[in-house]
Amino acid sequence: MKPAPFVYRRPGSLAEALETLAGEPDAKVLAGGQSLIPLLSMRLAAPAALVDINAVPDLDHVAVSDDGVRVGALARHADVLAHAAAAEAQPLLAMALSHVAHATIRNRGTTVGSIIHADAAAEMPVVLALLGGSVEAASVRGTRTIAAADLFAGPLESTLAHDEIATEAFFPALRPGEGVGFAEIARRHGDYALVGVAGLVRVEGDEVVEARLGYLSVNDVPTVVDVSGRSPEDAADHALTELQPDGDIHATAAYRSHLVRVLTRRVLEAAADNARSRQARSTEKP
Amino acid sequence: MSEEIHDVRLQVNGASHTVQVPARRLLSDALRHDCGLTGTHVGCEHGVCGSCTVLLDGRPVRSCLMLAVSAQDAEITTVEGLTEAGDVLSPVQQAFSDCHGLQCGFCTPGFLTTITAGLRDNPDPTEDEARDMIGGNLCRCTGYQNIVSSVLRAAEITKERA
């Protein structure tokens, strides 16, 4: 239960971090470390080098603008969760973040790190995928924007290149008429979910005209399904054609399918309620 | 290959410790073995049990999920640092004693640090909030009832002493 030896570098600037990373083909980036350190301790990962970016300045921002929320690579989950303007612009952030592990883990773990770790059982990758967000990637070769749809390659695998650092994640703001919901079932508070669902709907008047759902802990990658125009029962049936619930020591495949049905209905209702209450609130404003 | 050794300055409970450690030394191990502060307990060593919780710049973190080299210059508070001047038990420590909030005591350091920070953020928790506050810490003896009582009692003691 102790990590294998590695070379440790703690660069003081992003440029230095990128150069260090480019020179170490087997290096991993250390931000919060709440997933990486246990992987090292259990020796499921043994990189030759760690590039600790915690001393890199100007990466811990949570910036809210009309178009959405930008979260820097060193912003801790707890900081994003406590950010009132971020929760107002995109309420799915706080809804999902309150399910991320325990408060103590959220104090150190970073939202961007969780996304790049690309665990299909984690909350923030599916949130980014559902909202159609993106990640900024920097390397000595330059910078690029990776859309969430192109980010998740497989279990625990993102399309970030080995010499790139994800410097920021962008979560689009809710637009007028839209609402969101989130629910998950875990064996114990703070555990990985057996199944989790994030929902994004758009209402016109009282009617839901668009609906998309993101599923975590069902497939190998966060999976987004369009269920526009479907009843909650029909939506779950349709989602299950794109999901392959698997059995493991935590739950059988049949139980996961059952949870997909229950949570699909709950999240669709919650997201529609959220959309309607936001709409009512916005019409009350002078 | 000989492993690179780093000089790391750890600020623990107001005292400065300079330790020579390999980069892979976990903060929990550095506190126990290099600083000699064995109050921090190591249970699961992968972030689940909460026994090794310390305060890093005032916020609870798992010391087994941090490298000692990453903690350079941060202010660390371990369970040894909770006791007040003149060896007076802190409100949380006193409450655990009053309410029988511990049995074997292995998990206790993690609860004490977590609750100390939790009450700073929320000085007057409801019972539900008290349960939520300790949701990331495992105890295999008490069944938690007396720990919840201890959280509520600690809030009272803090007010009595103010």
# chains A, B, ... in the order shown; residues from 1 in each chain; ligands from 1
call {"tool": "interface_residues", "arguments": {"of": "chain A", "to": "chain B", "cutoff": "7 Å", "atoms": "only C-alpha atoms", "output": "list in words"}}
result
Pro3, Pro5, Phe6, Tyr8, Gly33, Gln34, Ile37, Pro38, His102, Thr104, Ile105, Asn107, Arg108 and His189 of chain A
call {"tool": "residues_around", "arguments": {"residues": "Asp248 of chain A", "least_positions_apart": "6", "cutoff": "12 Å", "atoms": "only C-alpha atoms", "output": "short mmCIF file (atom, residue, chain, number, x, y, z; two decimals) with C-alpha atoms, in the first residue's frame"}}
result
data_model
loop_
_atom_site.label_atom_id
_atom_site.label_comp_id
_atom_site.auth_asym_id
_atom_site.auth_seq_id
_atom_site.Cartn_x
_atom_site.Cartn_y
_atom_site.Cartn_z
CA LEU A 194 -24.59 1.99 -8.79
CA SER A 217 -21.94 3.91 -13.81
CA VAL A 218 -23.88 2.03 -16.52
CA ALA A 254 -31.19 -6.54 -13.78
CA TYR A 255 -30.99 -4.28 -10.73
CA ARG A 256 -29.03 -1.68 -12.69
#
call {"tool": "atom_distance", "arguments": {"atom1": "atom CA of Ala271 of chain A", "atom2": "atom CA of Leu81 of chain A"}}
result
19.0 Å
call {"tool": "residues_around", "arguments": {"residues": "Val64 of chain A", "least_positions_apart": "3", "cutoff": "9 Å", "atoms": "only C-alpha atoms", "output": "MDAnalysis selection string"}}
result
chainID A and resid 67:71 85:86 89 173
call {"tool": "select_by_dssp", "arguments": {"residues": "segment 65-269 of chain A", "states": "alpha helix (DSSP H)", "output": "ChimeraX atom specification"}}
result
/A:77-81,84-89,92-97,103-106,111-117,123-131,232-242,253-269
call {"tool": "residues_around", "arguments": {"residues": "Val151 of chain B", "least_positions_apart": "2", "cutoff": "10 Å", "atoms": "only C-alpha atoms", "output": "number ranges by chain"}}
result
B: 91-93, 95-96, 99, 101, 111-112, 115-116, 118-119, 123-127, 129-131, 133-134, 146-149, 153-157
call {"tool": "select_by_dssp", "arguments": {"residues": "segment 20-87 of chain B", "states": "strand (DSSP E or B)", "output": "number ranges by chain"}}
result
B: 20-22, 26, 53-56, 59-62, 67, 75-77, 84
call {"tool": "write_last_selection", "arguments": {"atoms": "N, CA and C atoms", "output": "PDB file, in the first residue's frame"}}
result
ATOM      1  N   GLN B  20      13.401  14.770   5.574  1.00  0.00           N
ATOM      2  CA  GLN B  20      14.023  14.296   4.330  1.00  0.00           C
ATOM      3  C   GLN B  20      13.263  13.042   3.897  1.00  0.00           C
ATOM      4  N   VAL B  21      12.543  13.170   2.818  1.00  0.00           N
ATOM      5  CA  VAL B  21      11.665  12.060   2.421  1.00  0.00           C
ATOM      6  C   VAL B  21      11.740  11.828   0.912  1.00  0.00           C
ATOM      7  N   PRO B  22      11.507  10.574   0.478  1.00  0.00           N
ATOM      8  CA  PRO B  22      11.316  10.349  -0.957  1.00  0.00           C
ATOM      9  C   PRO B  22       9.957  10.918  -1.365  1.00  0.00           C
ATOM     10  N   LEU B  26       3.804   9.272   1.776  1.00  0.00           N
ATOM     11  CA  LEU B  26       2.480   9.857   1.999  1.00  0.00           C
ATOM     12  C   LEU B  26       2.556  10.824   3.172  1.00  0.00           C
ATOM     13  N   THR B  53      -7.581  11.817   8.697  1.00  0.00           N
ATOM     14  CA  THR B  53      -7.945  13.191   8.358  1.00  0.00           C
ATOM     15  C   THR B  53      -7.176  14.214   9.196  1.00  0.00           C
ATOM     16  N   VAL B  54      -6.557  15.177   8.519  1.00  0.00           N
ATOM     17  CA  VAL B  54      -5.903  16.308   9.188  1.00  0.00           C
ATOM     18  C   VAL B  54      -6.450  17.589   8.561  1.00  0.00           C
ATOM     19  N   LEU B  55      -6.160  18.711   9.172  1.00  0.00           N
ATOM     20  CA  LEU B  55      -6.583  19.977   8.589  1.00  0.00           C
ATOM     21  C   LEU B  55      -5.417  20.569   7.808  1.00  0.00           C
ATOM     22  N   LEU B  56      -5.680  20.876   6.555  1.00  0.00           N
ATOM     23  CA  LEU B  56      -4.669  21.480   5.684  1.00  0.00           C
ATOM     24  C   LEU B  56      -5.149  22.905   5.414  1.00  0.00           C
ATOM     25  N   ARG B  59      -8.751  23.171   6.370  1.00  0.00           N
ATOM     26  CA  ARG B  59      -9.790  22.322   5.781  1.00  0.00           C
ATOM     27  C   ARG B  59      -9.439  20.847   5.964  1.00  0.00           C
ATOM     28  N   PRO B  60     -10.419  20.023   6.301  1.00  0.00           N
ATOM     29  CA  PRO B  60     -10.123  18.597   6.466  1.00  0.00           C
ATOM     30  C   PRO B  60      -9.714  17.945   5.143  1.00  0.00           C
ATOM     31  N   VAL B  61      -8.625  17.214   5.150  1.00  0.00           N
ATOM     32  CA  VAL B  61      -8.212  16.417   3.994  1.00  0.00           C
ATOM     33  C   VAL B  61      -7.689  15.072   4.505  1.00  0.00           C
ATOM     34  N   ARG B  62      -7.685  14.098   3.606  1.00  0.00           N
ATOM     35  CA  ARG B  62      -7.128  12.778   3.926  1.00  0.00           C
ATOM     36  C   ARG B  62      -5.607  12.863   3.795  1.00  0.00           C
ATOM     37  N   LEU B  67       0.796  13.553  -0.932  1.00  0.00           N
ATOM     38  CA  LEU B  67       2.223  13.313  -0.759  1.00  0.00           C
ATOM     39  C   LEU B  67       2.762  14.365   0.204  1.00  0.00           C
ATOM     40  N   GLU B  75      -0.194  24.884   6.237  1.00  0.00           N
ATOM     41  CA  GLU B  75      -0.407  24.789   7.690  1.00  0.00           C
ATOM     42  C   GLU B  75      -1.197  23.522   7.979  1.00  0.00           C
ATOM     43  N   ILE B  76      -0.578  22.602   8.695  1.00  0.00           N
ATOM     44  CA  ILE B  76      -1.234  21.328   8.980  1.00  0.00           C
ATOM     45  C   ILE B  76      -1.605  21.277  10.458  1.00  0.00           C
ATOM     46  N   THR B  77      -2.834  20.855  10.732  1.00  0.00           N
ATOM     47  CA  THR B  77      -3.236  20.618  12.116  1.00  0.00           C
ATOM     48  C   THR B  77      -3.591  19.150  12.267  1.00  0.00           C
ATOM     49  N   GLU B  84      -6.101  22.704  23.689  1.00  0.00           N
ATOM     50  CA  GLU B  84      -5.901  24.139  23.890  1.00  0.00           C
ATOM     51  C   GLU B  84      -4.800  24.389  24.926  1.00  0.00           C
TER      52      GLU B  84
END
call {"tool": "closest_residue", "arguments": {"among": "B:Gly36, B:Gly43, B:Gly105, B:Gly14", "to": "Met1 of chain A", "atoms": "only C-alpha atoms"}}
result
B:Gly43
call {"tool": "residues_around", "arguments": {"residues": "Val225 of chain A", "least_positions_apart": "3", "cutoff": "12 Å", "atoms": "only C-alpha atoms", "output": "short mmCIF file (atom, residue, chain, number, x, y, z; two decimals) with C-alpha atoms, in the first residue's frame"}}
result
data_model
loop_
_atom_site.label_atom_id
_atom_site.label_comp_id
_atom_site.auth_asym_id
_atom_site.auth_seq_id
_atom_site.Cartn_x
_atom_site.Cartn_y
_atom_site.Cartn_z
CA VAL A 126 -21.29 12.91 -17.32
CA ALA A 129 -20.99 15.41 -21.53
CA LEU A 130 -24.68 16.14 -20.96
CA LEU A 131 -24.23 19.91 -21.05
CA VAL A 197 -28.65 10.10 -14.01
CA ALA A 198 -28.26 13.75 -14.94
CA GLY A 199 -31.05 15.41 -16.93
CA LEU A 200 -31.37 18.50 -19.10
CA VAL A 201 -34.79 19.49 -20.46
CA GLU A 210 -36.50 18.60 -25.47
CA ALA A 211 -34.94 16.16 -23.04
CA ARG A 212 -31.50 14.61 -22.77
CA LEU A 213 -30.21 12.32 -20.06
CA GLY A 214 -26.66 11.43 -19.06
CA TYR A 215 -25.98 8.09 -17.39
CA LEU A 216 -23.08 7.29 -15.10
CA ASN A 219 -21.64 1.97 -19.60
CA PRO A 222 -20.48 8.57 -19.62
CA SER A 228 -37.09 14.24 -26.51
CA ARG A 230 -40.92 10.45 -25.01
CA ALA A 235 -37.62 7.30 -22.25
CA ALA A 236 -36.22 4.56 -19.97
CA ASP A 237 -36.94 1.87 -22.58
CA HIS A 238 -35.23 3.94 -25.22
CA ALA A 239 -32.25 4.70 -22.95
CA LEU A 240 -31.82 0.98 -22.23
CA THR A 241 -31.36 0.33 -25.97
CA GLU A 242 -28.23 2.50 -25.77
CA LEU A 243 -27.07 1.30 -22.36
CA THR A 264 -34.94 8.20 -15.47
#
call {"tool": "closest_atom_pairs", "arguments": {"of": "segment 9-103 of chain A", "to": "segment 160-167 of chain A", "cutoff": "9 Å", "atoms": "only C-alpha atoms", "output": "Markdown table"}}
result
| residue | atom | partner | partner_atom | distance |
| --- | --- | --- | --- | --- |
| A:Leu14 | CA | A:Ile165 | CA | 8.9 |
| A:Ala17 | CA | A:Ile165 | CA | 8.5 |
| A:Leu18 | CA | A:Asp163 | CA | 6.9 |
| A:Glu19 | CA | A:Asp163 | CA | 8.4 |
| A:Thr20 | CA | A:Asp163 | CA | 8.8 |
| A:Leu21 | CA | A:Asp163 | CA | 5.4 |
| A:Ala22 | CA | A:Asp163 | CA | 4.9 |
| A:Gly23 | CA | A:Asp163 | CA | 8.4 |
| A:Glu24 | CA | A:Asp163 | CA | 8.3 |
| A:Pro25 | CA | A:His162 | CA | 6.9 |
| A:Asp26 | CA | A:His162 | CA | 7.9 |
| A:Ala27 | CA | A:His162 | CA | 7.8 |
| A:Lys28 | CA | A:His162 | CA | 8.0 |
| A:Val29 | CA | A:Ile165 | CA | 7.4 |
| A:Leu59 | CA | A:Thr167 | CA | 6.9 |
| A:Val71 | CA | A:Thr167 | CA | 8.6 |
| A:Gly72 | CA | A:Thr167 | CA | 5.9 |
| A:Ala73 | CA | A:Thr167 | CA | 4.9 |
| A:Leu74 | CA | A:Thr167 | CA | 8.3 |
call {"tool": "write_last_selection", "arguments": {"atoms": "N, CA and C atoms", "output": "PDB file, in the first residue's frame"}}
result
ATOM      1  N   LEU A  14       2.987  27.424 -15.737  1.00  0.00           N
ATOM      2  CA  LEU A  14       2.372  26.491 -16.685  1.00  0.00           C
ATOM      3  C   LEU A  14       3.370  26.113 -17.775  1.00  0.00           C
ATOM      4  N   ALA A  17       5.652  23.573 -16.484  1.00  0.00           N
ATOM      5  CA  ALA A  17       4.936  22.306 -16.317  1.00  0.00           C
ATOM      6  C   ALA A  17       4.805  21.583 -17.652  1.00  0.00           C
ATOM      7  N   LEU A  18       4.484  22.340 -18.693  1.00  0.00           N
ATOM      8  CA  LEU A  18       4.282  21.732 -20.012  1.00  0.00           C
ATOM      9  C   LEU A  18       5.607  21.194 -20.562  1.00  0.00           C
ATOM     10  N   GLU A  19       6.694  21.933 -20.320  1.00  0.00           N
ATOM     11  CA  GLU A  19       7.998  21.454 -20.790  1.00  0.00           C
ATOM     12  C   GLU A  19       8.430  20.201 -20.044  1.00  0.00           C
ATOM     13  N   THR A  20       8.193  20.210 -18.738  1.00  0.00           N
ATOM     14  CA  THR A  20       8.542  19.035 -17.936  1.00  0.00           C
ATOM     15  C   THR A  20       7.771  17.820 -18.428  1.00  0.00           C
ATOM     16  N   LEU A  21       6.473  18.036 -18.665  1.00  0.00           N
ATOM     17  CA  LEU A  21       5.607  16.939 -19.110  1.00  0.00           C
ATOM     18  C   LEU A  21       6.056  16.423 -20.481  1.00  0.00           C
ATOM     19  N   ALA A  22       6.420  17.347 -21.370  1.00  0.00           N
ATOM     20  CA  ALA A  22       6.839  16.950 -22.713  1.00  0.00           C
ATOM     21  C   ALA A  22       8.119  16.115 -22.671  1.00  0.00           C
ATOM     22  N   GLY A  23       8.969  16.391 -21.649  1.00  0.00           N
ATOM     23  CA  GLY A  23      10.233  15.671 -21.542  1.00  0.00           C
ATOM     24  C   GLY A  23      10.141  14.348 -20.806  1.00  0.00           C
ATOM     25  N   GLU A  24       8.962  14.026 -20.299  1.00  0.00           N
ATOM     26  CA  GLU A  24       8.791  12.789 -19.517  1.00  0.00           C
ATOM     27  C   GLU A  24       7.627  11.995 -20.102  1.00  0.00           C
ATOM     28  N   PRO A  25       7.905  11.111 -21.040  1.00  0.00           N
ATOM     29  CA  PRO A  25       6.797  10.414 -21.718  1.00  0.00           C
ATOM     30  C   PRO A  25       5.923   9.594 -20.777  1.00  0.00           C
ATOM     31  N   ASP A  26       6.479   9.166 -19.642  1.00  0.00           N
ATOM     32  CA  ASP A  26       5.690   8.338 -18.728  1.00  0.00           C
ATOM     33  C   ASP A  26       5.284   9.116 -17.473  1.00  0.00           C
ATOM     34  N   ALA A  27       5.059  10.424 -17.619  1.00  0.00           N
ATOM     35  CA  ALA A  27       4.684  11.235 -16.456  1.00  0.00           C
ATOM     36  C   ALA A  27       3.172  11.324 -16.334  1.00  0.00           C
ATOM     37  N   LYS A  28       2.696  11.479 -15.091  1.00  0.00           N
ATOM     38  CA  LYS A  28       1.292  11.785 -14.841  1.00  0.00           C
ATOM     39  C   LYS A  28       1.226  13.154 -14.178  1.00  0.00           C
ATOM     40  N   VAL A  29       0.119  13.862 -14.424  1.00  0.00           N
ATOM     41  CA  VAL A  29      -0.103  15.156 -13.793  1.00  0.00           C
ATOM     42  C   VAL A  29      -0.807  14.938 -12.457  1.00  0.00           C
ATOM     43  N   LEU A  59      -4.599  28.930 -11.775  1.00  0.00           N
ATOM     44  CA  LEU A  59      -5.365  27.793 -12.305  1.00  0.00           C
ATOM     45  C   LEU A  59      -6.542  27.433 -11.396  1.00  0.00           C
ATOM     46  N   VAL A  71     -14.033  26.546 -15.086  1.00  0.00           N
ATOM     47  CA  VAL A  71     -13.439  26.009 -13.861  1.00  0.00           C
ATOM     48  C   VAL A  71     -11.981  25.677 -14.136  1.00  0.00           C
ATOM     49  N   GLY A  72     -11.077  26.286 -13.397  1.00  0.00           N
ATOM     50  CA  GLY A  72      -9.647  26.057 -13.583  1.00  0.00           C
ATOM     51  C   GLY A  72      -9.206  24.711 -13.032  1.00  0.00           C
ATOM     52  N   ALA A  73      -8.043  24.257 -13.502  1.00  0.00           N
ATOM     53  CA  ALA A  73      -7.560  22.908 -13.179  1.00  0.00           C
ATOM     54  C   ALA A  73      -7.293  22.708 -11.691  1.00  0.00           C
ATOM     55  N   LEU A  74      -7.088  23.791 -10.941  1.00  0.00           N
ATOM     56  CA  LEU A  74      -6.817  23.636  -9.507  1.00  0.00           C
ATOM     57  C   LEU A  74      -7.999  24.045  -8.632  1.00  0.00           C
TER      58      LEU A  74
END
call {"tool": "residues_around", "arguments": {"residues": "Glu136 of chain A", "least_positions_apart": "2", "cutoff": "9 Å", "atoms": "only C-alpha atoms", "output": "JSON list (two decimals) with C-alpha atoms, in the first residue's frame"}}
result
[["chain", "number", "residue", "atom", "x", "y", "z"],
["A", 134, "SER", "CA", -15.50, 21.34, -23.28],
["A", 138, "ALA", "CA", -2.40, 23.06, -23.28],
["A", 143, "THR", "CA", -3.61, 24.91, -26.98],
["A", 144, "ARG", "CA", -6.81, 23.34, -28.20],
["A", 145, "THR", "CA", -10.42, 22.95, -27.10],
["A", 146, "ILE", "CA", -11.72, 19.40, -26.75],
["A", 147, "ALA", "CA", -15.51, 19.07, -26.91],
["A", 165, "ILE", "CA", -2.54, 19.52, -19.31],
["A", 166, "ALA", "CA", -6.26, 20.23, -19.07],
["A", 167, "THR", "CA", -6.18, 23.80, -17.81],
["A", 168, "GLU", "CA", -9.89, 24.52, -17.68],
["A", 169, "ALA", "CA", -13.34, 22.98, -18.11],
["A", 170, "PHE", "CA", -16.26, 24.94, -19.55]]
call {"tool": "residues_around", "arguments": {"residues": "Leu174 of chain A", "least_positions_apart": "2", "cutoff": "8 Å", "atoms": "only C-alpha atoms", "output": "count of residues only"}}
result
8
call {"tool": "atom_distance", "arguments": {"atom1": "atom CA of Ser90 of chain B", "atom2": "atom CA of Thr158 of chain B"}}
result
8.6 Å
call {"tool": "closest_residue", "arguments": {"among": "B:Ala15, B:Leu10, B:Leu138, B:Cys52", "to": "Ser28 of chain B", "atoms": "only C-alpha atoms"}}
result
B:Cys52
call {"tool": "closest_residue", "arguments": {"among": "B:Leu37, B:Ala74, B:Cys49, B:Ala85", "to": "Arg9 of chain B", "atoms": "only C-alpha atoms"}}
result
B:Ala74
call {"tool": "decode", "arguments": {"residues": "segment 29-46 of chain B", "atoms": "N, CA and C atoms", "output": "compact mmCIF listing (two decimals), in the first residue's frame"}}
result
# COMPACT_ATOMS: atom_id res chain seq x y z
N ASP B 29 2.23 9.12 6.51
CA ASP B 29 3.45 8.46 6.99
C ASP B 29 4.50 9.47 7.43
N ALA B 30 4.57 10.59 6.73
CA ALA B 30 5.54 11.62 7.13
C ALA B 30 5.20 12.16 8.52
N LEU B 31 3.92 12.38 8.77
CA LEU B 31 3.51 12.88 10.08
C LEU B 31 3.87 11.87 11.17
N ARG B 32 3.59 10.60 10.91
CA ARG B 32 3.80 9.57 11.94
C ARG B 32 5.27 9.22 12.11
N HIS B 33 5.93 8.94 10.98
CA HIS B 33 7.29 8.40 11.08
C HIS B 33 8.37 9.47 11.10
N ASP B 34 8.17 10.52 10.33
CA ASP B 34 9.23 11.54 10.22
C ASP B 34 9.06 12.64 11.26
N CYS B 35 7.80 12.99 11.57
CA CYS B 35 7.58 14.02 12.59
C CYS B 35 7.32 13.39 13.97
N GLY B 36 7.07 12.09 14.00
CA GLY B 36 6.81 11.43 15.28
C GLY B 36 5.46 11.74 15.87
N LEU B 37 4.54 12.24 15.05
CA LEU B 37 3.20 12.58 15.55
C LEU B 37 2.26 11.43 15.22
N THR B 38 2.18 10.48 16.15
CA THR B 38 1.45 9.24 15.86
C THR B 38 -0.04 9.34 16.19
N GLY B 39 -0.50 10.53 16.50
CA GLY B 39 -1.94 10.70 16.74
C GLY B 39 -2.75 10.48 15.49
N THR B 40 -2.19 10.83 14.34
CA THR B 40 -2.88 10.60 13.07
C THR B 40 -2.84 9.10 12.77
N HIS B 41 -4.00 8.49 12.63
CA HIS B 41 -4.04 7.04 12.43
C HIS B 41 -4.26 6.70 10.96
N VAL B 42 -3.66 5.60 10.55
CA VAL B 42 -3.78 5.16 9.16
C VAL B 42 -4.62 3.88 9.14
N GLY B 43 -5.80 3.99 8.56
CA GLY B 43 -6.69 2.84 8.53
C GLY B 43 -6.66 2.15 7.19
N CYS B 44 -7.44 2.66 6.26
CA CYS B 44 -7.59 1.97 4.97
C CYS B 44 -6.50 2.34 3.99
N GLU B 45 -5.92 3.50 4.17
CA GLU B 45 -4.87 4.02 3.30
C GLU B 45 -5.31 4.19 1.85
N HIS B 46 -6.59 4.29 1.59
CA HIS B 46 -7.00 4.72 0.25
C HIS B 46 -8.21 5.65 0.28
